[in-house]
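Structure first, then comments.
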Amino acid sequence: MAERDPDQIITIQQHIIEQQRKHPTASGEFSWLLSGITLAASIIQAKVRRAGLINILGETDTDNVHGERQQKLDIFANQIIERCLAFRGNVGVLGSEELPEPIIVHSREGHGKYVVLFDPLDGSGNIDVNVSVGTIFSIYERVTSGPITDGGLKDVLQPGVNQLAAGYIVYGSSTVMAYTTGDGVHLFTLDPATGSFMLADEHVRIPENGKIYSVNEANFDSFPKGVQDWIHWARTKEAGPFTSRYIGSMVADVHRTLIKGGVFMYPATAKSPKGKLRLMYEANPMAFIIEQAGGLATDGKNRIMERVPTELHERTPLFIGGKHEVTAIMERLARG
Ligand code: AHG
Ligand code: MN
Ligand code: MN
């Protein structure tokens, strides 16, 4: 990548258009779609930052398809993303953690070529206690053409390797957006003064041999033996030793892993025998980001992005982070 002039001010729109220029087939539609996501992120972060001043905290009286009580901010974020993307003209199907079925937005010929899957608000349990939450998105191209007759499932149920782009926004001490289109991972910080996402870092690489592991240790007794063995090893002097950090918002835990290295994991547990995290709008987009930064993302055995999905909301165990750490866990799991 040609070194940039440090005085250059690069907005995310400019960066996306530069990325587009590298894809000869790209038509600028893609940057138009991504600007819908940055618009939604700006609106959501403004609400998140006023939580407590406006009636946006706490629960609704409804549960989502996972039987989880929806937070007011879950619903708000979902509505904003729908409204920002549904009128872009190039989104065919939307799939959300908060909606039981995909939404068919456009299927007229020549319209709606993209599929966007998203977790509108990740880390909902942390909203009321002012801990970082975020939004996660994953973008595909439709695989069908013409009118959509199967509820969008063929277009939605694609393996993660088909993703055109993926990313997340962390509403933390600052609002940071990460995205990849397969040409590295790039970070942008929202400048509150201008409302623009400005380039903060590009071609980010995950540190090798990180010394942080991130897991909800309350589930330790029901983790697979290989995971328990690796955690026992990680706690030894010989291993480093590691330190443990767990925020409880995957988007924040994975962002820290991208920057500081180490591994985030949500293994299968007694309560969630298939893992808790969702393949299509949590594991796959984060896997694309971490792989593009030089890391790995597996379900303990298989590469996350090669999993062939059967349902929009299917869950998966997830081990994601530096190559060394993820490989070591997989080796211990393979020993049984
Ligand atoms: P969401 O708020 O979108 O439902 O996601 C919450 C997820 C993920 O963000 C986090 O890593 C995990 O739930 C935490 O689960 P535990 O509380 O079981 O550790
Ligand atoms: Mn989530
Ligand atoms: Mn969520």
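To be explicit about the labels: the chains of the structure tokens are called A, B, and onward in the order shown, and within each one the residues are counted from 1, while ligands get numbers from 1 in the order they are shown.
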Do you know which residues are at most 12 Å from A:Gly52 counting only C-alpha atoms, after dropping those on the same chain fewer than 3 positions away, and could you put them as a PyMOL selection string? chain A and resi 47-49+55-58+73+127-130
Saved selection, atoms kept: C-alpha atoms, as a PDB file, in the first residue's frame:
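Output (out-v6.pdb):
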```
ATOM      1  CA  LYS A  47     -28.938   7.192  20.692  1.00  0.00           C
ATOM      2  CA  VAL A  48     -26.483   4.982  22.603  1.00  0.00           C
ATOM      3  CA  ARG A  49     -24.670   8.082  23.879  1.00  0.00           C
ATOM      4  CA  ASN A  55     -36.288   6.522  27.218  1.00  0.00           C
ATOM      5  CA  ILE A  56     -34.065   4.044  25.355  1.00  0.00           C
ATOM      6  CA  LEU A  57     -32.788   1.858  28.212  1.00  0.00           C
ATOM      7  CA  GLY A  58     -34.270  -1.357  29.451  1.00  0.00           C
ATOM      8  CA  LEU A  73     -32.040  -0.366  21.773  1.00  0.00           C
ATOM      9  CA  ILE A 127     -26.535  -1.406  27.426  1.00  0.00           C
ATOM     10  CA  ASP A 128     -27.932  -0.487  30.846  1.00  0.00           C
ATOM     11  CA  VAL A 129     -24.495  -0.513  32.502  1.00  0.00           C
ATOM     12  CA  ASN A 130     -22.720   1.752  30.003  1.00  0.00           C
TER      13      ASN A 130
END
```
Could you report the residues within 9 Å of ligand 2, using only C-alpha atoms and all ligand atoms, as a compact mmCIF listing (two decimals) with N, CA and C atoms, in the first residue's frame?
```
# COMPACT_ATOMS: atom_id res chain seq x y z
N GLU A 97 -30.66 -10.43 13.35
CA GLU A 97 -30.77 -11.25 14.56
C GLU A 97 -32.14 -11.04 15.20
N ASP A 119 -26.33 -8.04 13.03
CA ASP A 119 -26.71 -8.04 14.44
C ASP A 119 -26.80 -6.57 14.80
N PRO A 120 -28.01 -6.02 14.88
CA PRO A 120 -28.14 -4.57 15.00
C PRO A 120 -27.50 -4.02 16.27
N LEU A 121 -27.62 -4.80 17.35
CA LEU A 121 -26.99 -4.35 18.58
C LEU A 121 -26.43 -5.56 19.29
N ASP A 122 -25.10 -5.65 19.31
CA ASP A 122 -24.45 -6.80 19.94
C ASP A 122 -24.01 -6.40 21.34
N GLY A 123 -24.28 -7.29 22.31
CA GLY A 123 -23.89 -7.01 23.69
C GLY A 123 -25.02 -6.32 24.45
N SER A 124 -26.26 -6.64 24.03
CA SER A 124 -27.44 -5.95 24.61
C SER A 124 -27.45 -5.93 26.14
N GLY A 134 -22.22 -2.85 20.19
CA GLY A 134 -21.85 -2.59 18.80
C GLY A 134 -22.86 -3.13 17.81
N THR A 135 -22.53 -2.96 16.55
CA THR A 135 -23.34 -3.45 15.42
C THR A 135 -22.41 -4.26 14.52
N ILE A 136 -22.89 -5.41 14.03
CA ILE A 136 -22.06 -6.28 13.18
C ILE A 136 -22.79 -6.49 11.85
N SER A 249 -19.54 -8.32 25.47
CA SER A 249 -20.03 -7.90 24.14
C SER A 249 -19.01 -8.45 23.15
N MET A 250 -19.44 -9.43 22.34
CA MET A 250 -18.49 -10.07 21.43
C MET A 250 -17.76 -9.04 20.58
N VAL A 251 -18.52 -8.02 20.12
CA VAL A 251 -17.93 -7.04 19.20
C VAL A 251 -16.76 -6.32 19.86
N LEU A 277 -23.17 -18.18 20.00
CA LEU A 277 -23.08 -17.14 18.99
C LEU A 277 -23.63 -17.62 17.65
N ARG A 278 -24.17 -16.66 16.86
CA ARG A 278 -24.84 -17.01 15.62
C ARG A 278 -23.83 -16.95 14.47
N TYR A 281 -24.45 -13.77 11.40
CA TYR A 281 -24.28 -12.32 11.60
C TYR A 281 -23.43 -11.99 12.82
N GLU A 282 -22.79 -13.01 13.41
CA GLU A 282 -21.78 -12.74 14.44
C GLU A 282 -20.47 -13.43 14.05
```
Which one of A:Trp32, A:Tyr213, A:Tyr140, A:Trp233 sits closest to A:Ile247 if you count only C-alpha atoms?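 Checking each candidate against A:Ile247, we get A:Tyr213 as the closest.
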Could you find all residues in stretch 127-191 of chain A that DSSP calls strand (DSSP E or B) from the backbone, and write them as an NGL selection string? :A and (133-141 or 165-171 or 175-180 or 185-191)
Using only C-alpha atoms, which of A:Phe288, A:Arg205, A:Gly172, A:Leu296 sits nearest A:Asp253? A:Gly172
